[in-house]
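Structure record follows, encoded as structure tokens.
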Amino acid sequence: MKKKMQCKRGHDTSSANSRDSSNGCKACKAERNAASCAYQYSTPEVKAQRAAYRKSPEGKAREATYQRSPEAKAKRAVYEALPATKAYHSAYRNSPEGKYKARRSNLKVLGWTPEMFAQTLLEQGNVCASCREPFTEKDPPHADHKHVEPPEPRGVLHSSCNSVIGLLKESPARIRAAADYVERWS
């Protein structure tokens, strides 16, 4: 019967591939390396260096290259397909905090903040800045903005009023012509 060999920490070292000629047990060496790496990467100095690198042009370029790589896309797809991930994201999106952050993000793209939106809505008396009709549940308020870079907030409109202005390419002449046309046929 073959004698079972163990290192000082109790790892099985009976097979030849479990022993390291330079430093004893391979399992012990792996544990030491893991502990060293965990400590090394958890110090405030190292964390600050890594954060600074990620913000540098070189770090941003490296991260962008990685995010476009097939490996990163595959990892993201697997992660996003997990039922637990889907449940978490769904619950967060439906939470008050998730709804607020989504609203803030959507308004930011248009040059608004939730506070500006609420203030403008109060100033307009809860009516559309274009048609002067009140907002309803079926026709809620939408943020309108001037299409420049960065976007400039203009007023709060009905979704349909905002769409009409956009479809007429924000041209006062086209809007007047459309109004004249409707008046001729009414």
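Each chain of the structure tokens is named A, B, ... in the order shown, its residues numbered from 1; ligands are numbered from 1 in display order.
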Q | Residues of segment 67-167 of chain A in strand (DSSP E or B), written as JSON, numbers by chain | A | {"A": [127, 134, 141, 142, 143, 144, 145, 146, 152, 153, 154, 155, 156, 157, 158]}
Written selection (N, CA and C atoms) as a PDB file, in the first residue's frame:
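Full text of again.pdb as output:
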```pdb
ATOM      1  N   VAL A 127     -49.521  72.897 -18.854  1.00  0.00           N
ATOM      2  CA  VAL A 127     -50.083  72.840 -20.206  1.00  0.00           C
ATOM      3  C   VAL A 127     -48.940  72.823 -21.217  1.00  0.00           C
ATOM      4  N   PRO A 134     -53.943  71.001 -21.682  1.00  0.00           N
ATOM      5  CA  PRO A 134     -53.343  70.374 -20.491  1.00  0.00           C
ATOM      6  C   PRO A 134     -52.813  68.969 -20.802  1.00  0.00           C
ATOM      7  N   PRO A 141     -46.420  64.918 -20.595  1.00  0.00           N
ATOM      8  CA  PRO A 141     -45.433  65.933 -20.998  1.00  0.00           C
ATOM      9  C   PRO A 141     -44.123  65.308 -21.479  1.00  0.00           C
ATOM     10  N   HIS A 142     -43.509  65.971 -22.453  1.00  0.00           N
ATOM     11  CA  HIS A 142     -42.211  65.551 -22.992  1.00  0.00           C
ATOM     12  C   HIS A 142     -41.303  66.770 -23.093  1.00  0.00           C
ATOM     13  N   ALA A 143     -40.027  66.558 -22.867  1.00  0.00           N
ATOM     14  CA  ALA A 143     -39.040  67.637 -22.923  1.00  0.00           C
ATOM     15  C   ALA A 143     -38.687  67.945 -24.371  1.00  0.00           C
ATOM     16  N   ASP A 144     -38.778  69.219 -24.738  1.00  0.00           N
ATOM     17  CA  ASP A 144     -38.383  69.656 -26.073  1.00  0.00           C
ATOM     18  C   ASP A 144     -37.032  70.338 -25.967  1.00  0.00           C
ATOM     19  N   HIS A 145     -36.217  70.218 -27.014  1.00  0.00           N
ATOM     20  CA  HIS A 145     -34.898  70.841 -26.992  1.00  0.00           C
ATOM     21  C   HIS A 145     -34.514  71.323 -28.384  1.00  0.00           C
ATOM     22  N   LYS A 146     -33.649  72.316 -28.408  1.00  0.00           N
ATOM     23  CA  LYS A 146     -33.113  72.834 -29.651  1.00  0.00           C
ATOM     24  C   LYS A 146     -32.003  71.893 -30.103  1.00  0.00           C
ATOM     25  N   GLU A 152     -30.137  72.462 -26.188  1.00  0.00           N
ATOM     26  CA  GLU A 152     -30.657  73.515 -25.312  1.00  0.00           C
ATOM     27  C   GLU A 152     -32.133  73.258 -25.034  1.00  0.00           C
ATOM     28  N   PRO A 153     -32.532  73.213 -23.763  1.00  0.00           N
ATOM     29  CA  PRO A 153     -33.943  73.018 -23.431  1.00  0.00           C
ATOM     30  C   PRO A 153     -34.799  74.180 -23.937  1.00  0.00           C
ATOM     31  N   ARG A 154     -36.010  73.866 -24.425  1.00  0.00           N
ATOM     32  CA  ARG A 154     -36.915  74.925 -24.899  1.00  0.00           C
ATOM     33  C   ARG A 154     -38.188  74.969 -24.071  1.00  0.00           C
ATOM     34  N   GLY A 155     -38.909  73.880 -24.009  1.00  0.00           N
ATOM     35  CA  GLY A 155     -40.170  73.872 -23.287  1.00  0.00           C
ATOM     36  C   GLY A 155     -40.661  72.449 -23.119  1.00  0.00           C
ATOM     37  N   VAL A 156     -41.820  72.326 -22.458  1.00  0.00           N
ATOM     38  CA  VAL A 156     -42.418  71.011 -22.252  1.00  0.00           C
ATOM     39  C   VAL A 156     -43.647  70.933 -23.158  1.00  0.00           C
ATOM     40  N   LEU A 157     -43.674  69.890 -24.003  1.00  0.00           N
ATOM     41  CA  LEU A 157     -44.724  69.727 -25.000  1.00  0.00           C
ATOM     42  C   LEU A 157     -45.375  68.357 -24.891  1.00  0.00           C
ATOM     43  N   HIS A 158     -46.544  68.217 -25.555  1.00  0.00           N
ATOM     44  CA  HIS A 158     -47.107  66.889 -25.751  1.00  0.00           C
ATOM     45  C   HIS A 158     -46.172  66.127 -26.695  1.00  0.00           C
TER      46      HIS A 158
END
```
Q | Two-atom distance - atom CA of Cys131 of chain A, atom CA of Ala179 of chain A (Å) | A | 12.2 Å
Q | Picked from segment 109-172 of chain A by DSSP as helix (DSSP H, G or I), as an NGL selection string | A | :A and (109 or 114-123 or 159-167 or 172)
Which residues are near Pro114 of chain A? Cut-off 8 Å, only C-alpha atoms, ignore same chain within fewer than 5 positions. Put them as a compact mmCIF listing (two decimals) with C-alpha atoms, in the first residue's frame.
```txt
# COMPACT_ATOMS: atom_id res chain seq x y z
CA ARG A 103 -35.34 59.47 -16.30
CA ARG A 104 -32.33 61.61 -15.36
CA LEU A 107 -33.38 64.03 -19.87
```
Q: Just give me the gap between atom CA of Tyr181 of chain A and atom CA of Asn162 of chain A in Å, one decimal is fine.
A: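 One can read the atom CA of Tyr181 of chain A to atom CA of Asn162 of chain A distance as 19.2 Å.
Distance check against Phe135 of chain A using only C-alpha atoms: of A:Thr120, A:Asn33, A:Ser159, A:Thr65, the minimum falls on A:Ser159.
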Q) What is the atom CA of Ala77 of chain A-atom CA of Asn94 of chain A distance in Å, reported with one decimal? A)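 Between these atoms lies a distance of 22.1 Å.
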